[in-house]
Amino acid sequence: MSTTTYREALRQALIDAMTADADIILLGEEVGVYGGAYGVTKGLIELFGESRVIDAPISEAAIVGAAVGAALTGLRPVAELMYVDFAGLAMDQIANQAAKSRSMFGGQMGVPMVLRSQGGTGRSAAAQHSQSLEAWFLHTPGLRLAMPATVSDAYHLLRQALTQPDPVVFLEHKGLYALKGEVGDAPDAPWGAPAIRRAGSDLTLVAWSRMVHESLAAAEALAGAGVSAEVIDLRCLNPLDLGPVFASVARTGRAMVVTEAALTGSAASEIAARIGEHCFDWLEEPVLRIGGEDIPIPVAPALERAAIPTAALIADAARWLVHREAPPWA
Amino acid sequence: MSTTTYREALRQALIDAMTADADIILLGEEVGVYGGAYGVTKGLIELFGESRVIDAPISEAAIVGAAVGAALTGLRPVAELMYVDFAGLAMDQIANQAAKSRSMFGGQMGVPMVLRSQGGTGRSAAAQHSQSLEAWFLHTPGLRLAMPATVSDAYHLLRQALTQPDPVVFLEHKGLYALKGEVGDAPDAPWGAPAIRRAGSDLTLVAWSRMVHESLAAAEALAGAGVSAEVIDLRCLNPLDLGPVFASVARTGRAMVVTEAALTGSAASEIAARIGEHCFDWLEEPVLRIGGEDIPIPVAPALERAAIPTAALIADAARWLVHREAPPWA
Amino acid sequence: MSNTAPLARYRTMRRIRSFEERVGELFLKGESAGSMLHLSIGEEGVVGVTDAMRPGDSFTTHHRGHGVFLARGADPARMMAEIAGKATGYCGGKGGSMHIADRQLGHLGANAIVGGGIPHVVGAGITARNRGLDHVSVAFFGDGAMSQGILYEAMNMAALWRLPVVFCCINNQYGMGTRVDRSAGRVAFAERARAFGLAGAWVDGADVEAVHRMAADLLAGARAGQPAFLELSVYRFYGHARMDKSPYRTPEEEAEGRRRDPLATARGALLAAGIATEAELDRIDAEAGAEMDAALAAAIAAPAPAPEAMFRDVYAPGTPQPQPQADRLRAILAEGSAA
Amino acid sequence: MSNTAPLARYRTMRRIRSFEERVGELFLKGESAGSMLHLSIGEEGVVGVTDAMRPGDSFTTHHRGHGVFLARGADPARMMAEIAGKATGYCGGKGGSMHIADRQLGHLGANAIVGGGIPHVVGAGITARNRGLDHVSVAFFGDGAMSQGILYEAMNMAALWRLPVVFCCINNQYGMGTRVDRSAGRVAFAERARAFGLAGAWVDGADVEAVHRMAADLLAGARAGQPAFLELSVYRFYGHARMDKSPYRTPEEEAEGRRRDPLATARGALLAAGIATEAELDRIDAEAGAEMDAALAAAIAAPAPAPEAMFRDVYAPGTPQPQPQADRLRAILAEGSAA
Ligand SMILES: Cc1ncc(C[n+]2csc(CCOP(=O)(O)OP(=O)(O)O)c2C)c(N)n1
Ligand SMILES: Cc1ncc(C[n+]2csc(CCOP(=O)(O)OP(=O)(O)O)c2C)c(N)n1
Ligand SMILES: [Mg+2]
Ligand SMILES: [Mg+2]
């Protein structure tokens, strides 16, 4: 156990993994001399040299493509997209190449790479630097998808991702880098399994990445209002193990799925649909989705905040769901 | 009313729209001399000349980007991606540029373009030429999304798309080009509204594009088994008007959503989640999703067929849902 | 050297510098929308290009585009308000520094995606060609965009279709912390353009008059159907964005780079040619400072956009609008569920 | 002209042609998986490149890559089976013509995305460099890929990092129905590569020995850290894919193009140099025909993959697998719902 930050935990995971496995290389814009746009790779070029920490030109498509080629030939590359918003430039290499190679080639070759990126709001970075695009990856068979919410997961999920035989999209959150916490001696759960972050009996809140924290804050507020909310952090969206969620909903009879992404077509919709399919008999109320507004994120700070779910909104909706208590805005 | 094919109806829509509006141009690979990979634009370069029917280099990103620029400056371009599978190459221009310009620029300029493409299975075209990627567009605020299932809609939805002030992703299905049918004198429903393709009382089947036909075939088979299925063709996924679906489910109490796309993270999940939220009180059974398997499409013809829903599968699942009649495979 | 144009260019360059200095202040006062503010100080020689443009011409910029826009006639108060995320800004406070645009002035949009705005000028070129207008469209971008494939796709299209388009690379020697020789296999950018069939040229961006002569030629050629590429060699005086102190550059290199100052160069030339006196130039400087002080004050005083504004302009008025989440929740929960 | 190598190259070229003819038959018999079959007839001169490669070298191809793979040692029966979508194919019948691959032979994959496989050789180059292996990786692609931005991104990286990589453009004059002068602003492709810092060369692809000399030089250079680009000029003898009759080409042009026949050229050269007699060459031809007949028959006789095979290899064995829809429905429906 050691107290550190999400940023530092990620950095330490890279250092430890690279020390243990000489085949791991980093490839991305500003990952070397600059140390990463958010400082995650600071000092790594000094530790591991220019052949393993490679500052790439601003060529997202070829960065991912080069990583695919390196992975096919035996390395374990960590490609970085500085912002997940740039995935649109590399989506062919991600979805048609990295994701499909093993299957198309009949299992001859895998693509054991990690695609690190970060998303989300919180810095007034506007419409092209604030998105949460995990739904694109979730909808791509062949990709794994991990999204750490805690400092401990920042470390352990990244270490686990760096042992996977298949491509892992690893999405950090720009609003969590400064988060402080402890890195556990072991992962909070096996790879792909969710973690119950708070136990509760009236309602199941399902979230991942930064929305875990908003959900926990909401659960805290709800506790004061006599509502006991269970908070489940999915950690990975592929593999997607909803067993613990179904078990929770079987007890609580009520579920809300919370995402920062634009709600329509989001991962929250997938999870809500699955809960609806598998927990039908237990549900007392509709499975409610709470998500980002279906709009491009505006730059004005107040609008940016209003565009995504807050603990207050989650708690309001939960009280309504559980106690039929309509909030002022309803 | 005139009987024609889906392909020909699309072609006629382009001809009529281009005749009426001199600002419409076509821009894409093989749209001119070749006449389109699936023949939709055959003869148009002769009719409208090389400045309006532009054979583009194999540069998907710049094709969409040029269309954005043309739209911003007053034209109404129809950009074509020969296969929707190539969207990954152009996704930045689609999702960050076309979709977001109006909003980012505070409403000063719109991007009135149509992005024509086609998707789906049926030609043993393998993993990179057989996908159904509408979920990526559905998850992108700022885009409209139309997917005609019928010959009449091929004509009318395309004509309507060509009057929209905002970018429309218009997805045809490679398996429907040879479909014969009549073009109505008027659209089957207003832009964005679904059409009830078959009335029924026991179960609501929701589909779009080619899956409308599988659903209709399933409904026909179900009728023989004493199950009355209503089939609703969504036609557009943005705008997404589920009012008629909710009304139908209020009557039938049972809903299935059918998609050809890989199920996880698909538009079917969005629609199932919404039905779950809005129809909770009326549902007798879980909202069932039927979709493509969560795999890259294999090239072997039998595997390709097995990877996506068929009328038989839909009917089997429906009988199970309605009559608790388990199919042999269950 | 004729008189009025060079002096006007000096004034525009000074206005740009003063504006950018005020943007820095806006940030320090905590009044900017975010910290992603990219100052074009050191790059004012681009005025030689914008001055070769005409009304009706259009352009796109990268994330470091304040100077270009100002030079094309932008109102600094509306610009500053946009950078502050205010309702009175060019985009109503929704776009910010990296997404500023103005249809009237032909600004088709700044872009936060490196290379993202480049292909748009190809489309603008098609519009001009199809409508028989002699408008040129200019894409402004940095050296970093030389590594984006879409640039080559767009240059190829422009050359193939002989469109009235100019690609203008403002090479400030760095993409964030990466010096251009660490991102380019070969740094002779104009040769790349020539290999695609464009006219390609390099010019010292510290000399606005040289830039202007070169740009005037290339834009005239583009209007006549020979698309072009122009590299302006300049130096990024400060950090990449407001938080960056450029630790990856030596003080010596920075001092050397800042000696390539377009304003100092222009000032010297104007004095040497007897076009203006020190006092006249000082007055221009003071006027620019006052103008930008006013823009800064106005931006700070301006109102923030109303929260509902975020739902507007996602789609055109009169078409289906996004459903606010609160409305959705109300529709689901208001009637209560099965008891 | 030394003796054995040119003769071996002739044999390989003949085997490619015979193979492709059988692929055509496979389609006509209705036994191919789909109609997206792109024959490399007319492009056999590429054997000059593959012959300059060594064991351990790797490569990627485009959709028209049968010839390259065969030349690198593929088993024609397993190839044909893959093209037929059979269980005995290289990819178990899941990839097909456009996704054939073989790790053992260094084939990192054919690609159905124009340009899609190009950047992979950059990664292979990094692997070779980091492991201190003197392996070269070669990307094979068509003239159409010259319009894909990712090619320039990849070439820039190769040049910047001086990777052991060769970009080989098989310019068959057409991308589907578009002649290369209708897709390229300027057709001097090697100059584009040189502008990025690569060694760039052009060679007549109908002359396999000329190709081989050039390729041997460039691959040796690449192994020593000078990445290269090589354009092979050839002619696509038949339609783009099996359904295309090339109505956009004149019969005269096709006749002229087919005169640039690498096999006829090689045959003439071998006879003229006295390396082989007509009879010897005829025997090679006949052997190739028989070999490919057998491959065709084997492919047709081979079993289709089992339906369950589609769920395999999406992810590695021993990790969570895709849930088949039938299993999901069973889990939802089997227990019945609230009565
Ligand atoms: C596609 C994309 N990749 C990366 C970034 C992050 N980024 C923003 S500016 C920048 C450097 C751009 O350098 P250059 O084009 O030279 O412009 P300059 O900042 O020097 O004006 C980078 C990497 C981005 N915004 N977009
Ligand atoms: C990214 C992408 N765009 C378009 C296509 C459709 N397509 C397949 S082959 C082809 C022409 C390719 O021409 P070229 O690269 O010259 O190869 P050739 O077929 O001549 O060997 C096109 C446009 C594709 N498969 N991938
Ligand atoms: Mg720069
Ligand atoms: Mg070709």
# chains A, B, ... in the order shown; residues from 1 in each chain; ligands from 1
>>> interface_residues(of="chain D", to="chain A", cutoff="7 Å", atoms="only C-alpha atoms", output="PyMOL selection string")
chain D and resi 91-92+94-95+99-101+103+108+119-124+126-127+130+150+153-154+313-316+320+332+337-338
>>> interface_residues(of="chain B", to="chain A", cutoff="6 Å", atoms="only C-alpha atoms", output="ChimeraX atom specification")
/B:88-89,91-92,136,138-139,141,264-265,269-270,272-273,277,280,286,294-295
>>> interface_residues(of="chain C", to="chain D", cutoff="8 Å", atoms="only C-alpha atoms", output="list in words")
Ser147, Gln148, Gly149, Ile150, Leu151, Tyr152, Glu153, Asn156, Met157, Ala158, Ala159, Leu160, Trp161, Arg182, Ser183, Ala184, Gly185, Arg186, Val187, Ala188, Phe189, Glu191, Arg192, Ala195, Phe196 and Gly197 of chain C
>>> select_by_dssp(residues="segment 140-331 of chain D", states="strand (DSSP E or B)", output="list of chain:residue names")
D:Phe140, D:Phe141, D:Gly142, D:Val165, D:Val166, D:Phe167, D:Cys168, D:Cys169, D:Ile170, D:Asn171, D:Tyr174, D:Gly175, D:Thr178, D:Arg179, D:Ala199, D:Gly200, D:Ala201, D:Trp202, D:Val203, D:Asp204, D:Ala228, D:Phe229, D:Leu230, D:Glu231, D:Leu232, D:Ser233
>>> residues_near_ligand(ligand="ligand 1", cutoff="9 Å", atoms="only C-alpha atoms and all ligand atoms", output="MDAnalysis selection string")
(chainID A and resid 29:30 37 57:60 81:83 85:89 128:129) or (chainID B and resid 92) or (chainID C and resid 36 38:40 62:65 111:116 141:148 169:180 235:236 240:241)
>>> write_last_selection(atoms="C-alpha atoms", output="PDB file, in the first residue's frame")
ATOM      1  CA  GLU A  29       3.045  12.226 -29.310  1.00  0.00           C
ATOM      2  CA  GLU A  30       5.059  13.943 -26.594  1.00  0.00           C
ATOM      3  CA  ALA A  37       0.616  15.977 -22.122  1.00  0.00           C
ATOM      4  CA  PRO A  57       5.054  12.765 -35.222  1.00  0.00           C
ATOM      5  CA  ILE A  58       1.453  13.983 -35.082  1.00  0.00           C
ATOM      6  CA  SER A  59       0.209  10.993 -37.071  1.00  0.00           C
ATOM      7  CA  GLU A  60      -2.442   9.244 -35.023  1.00  0.00           C
ATOM      8  CA  LEU A  81      -3.633   9.009 -28.306  1.00  0.00           C
ATOM      9  CA  MET A  82      -3.167  12.250 -26.433  1.00  0.00           C
ATOM     10  CA  TYR A  83      -6.941  12.755 -26.355  1.00  0.00           C
ATOM     11  CA  ASP A  85     -11.157  12.672 -29.281  1.00  0.00           C
ATOM     12  CA  PHE A  86      -8.426  11.940 -31.818  1.00  0.00           C
ATOM     13  CA  ALA A  87      -9.608   8.348 -32.172  1.00  0.00           C
ATOM     14  CA  GLY A  88     -11.504   9.370 -35.292  1.00  0.00           C
ATOM     15  CA  LEU A  89      -8.175   9.763 -37.058  1.00  0.00           C
ATOM     16  CA  GLN A 128     -12.978  18.280 -29.723  1.00  0.00           C
ATOM     17  CA  HIS A 129     -11.042  17.638 -26.502  1.00  0.00           C
TER      18      HIS A 129
ATOM     19  CA  ASP B  92     -12.604  12.632 -37.442  1.00  0.00           C
TER      20      ASP B  92
ATOM     21  CA  MET C  36      -5.831  25.758 -24.005  1.00  0.00           C
ATOM     22  CA  HIS C  38      -2.126  29.149 -28.020  1.00  0.00           C
ATOM     23  CA  LEU C  39      -0.529  32.513 -28.631  1.00  0.00           C
ATOM     24  CA  SER C  40       0.703  33.490 -32.062  1.00  0.00           C
ATOM     25  CA  HIS C  62      -5.376  25.671 -36.573  1.00  0.00           C
ATOM     26  CA  HIS C  63      -5.481  26.100 -32.817  1.00  0.00           C
ATOM     27  CA  ARG C  64      -3.008  28.991 -32.979  1.00  0.00           C
ATOM     28  CA  GLY C  65      -5.139  31.166 -35.220  1.00  0.00           C
ATOM     29  CA  ASN C 111      -9.767  23.645 -35.392  1.00  0.00           C
ATOM     30  CA  ALA C 112      -8.488  21.807 -32.338  1.00  0.00           C
ATOM     31  CA  ILE C 113      -7.660  18.757 -34.401  1.00  0.00           C
ATOM     32  CA  VAL C 114      -4.194  19.165 -35.894  1.00  0.00           C
ATOM     33  CA  GLY C 115      -4.852  19.148 -39.642  1.00  0.00           C
ATOM     34  CA  GLY C 116      -8.618  19.034 -39.165  1.00  0.00           C
ATOM     35  CA  PHE C 141      -1.722  25.245 -40.048  1.00  0.00           C
ATOM     36  CA  GLY C 142       1.448  24.476 -38.134  1.00  0.00           C
ATOM     37  CA  ASP C 143       4.500  22.385 -38.853  1.00  0.00           C
ATOM     38  CA  GLY C 144       2.909  19.655 -36.751  1.00  0.00           C
ATOM     39  CA  ALA C 145       0.226  19.184 -39.384  1.00  0.00           C
ATOM     40  CA  MET C 146       2.939  18.241 -41.873  1.00  0.00           C
ATOM     41  CA  SER C 147       2.736  14.806 -40.237  1.00  0.00           C
ATOM     42  CA  GLN C 148      -1.007  14.426 -40.754  1.00  0.00           C
ATOM     43  CA  CYS C 169       2.268  26.167 -43.083  1.00  0.00           C
ATOM     44  CA  ILE C 170       3.307  28.382 -40.208  1.00  0.00           C
ATOM     45  CA  ASN C 171       6.424  26.559 -39.177  1.00  0.00           C
ATOM     46  CA  ASN C 172       7.259  27.791 -35.700  1.00  0.00           C
ATOM     47  CA  GLN C 173       9.834  24.991 -35.310  1.00  0.00           C
ATOM     48  CA  TYR C 174       7.871  23.099 -32.664  1.00  0.00           C
ATOM     49  CA  GLY C 175       4.824  20.931 -32.262  1.00  0.00           C
ATOM     50  CA  MET C 176       4.358  21.153 -28.512  1.00  0.00           C
ATOM     51  CA  GLY C 177       7.733  19.960 -27.205  1.00  0.00           C
ATOM     52  CA  THR C 178       8.943  18.371 -30.412  1.00  0.00           C
ATOM     53  CA  ARG C 179      11.342  20.300 -32.602  1.00  0.00           C
ATOM     54  CA  VAL C 180      10.579  19.901 -36.260  1.00  0.00           C
ATOM     55  CA  TYR C 235       9.688  30.982 -34.062  1.00  0.00           C
ATOM     56  CA  ARG C 236       7.169  30.300 -31.309  1.00  0.00           C
ATOM     57  CA  HIS C 240       2.899  25.737 -26.493  1.00  0.00           C
ATOM     58  CA  ALA C 241      -0.138  26.697 -24.398  1.00  0.00           C
TER      59      ALA C 241
END
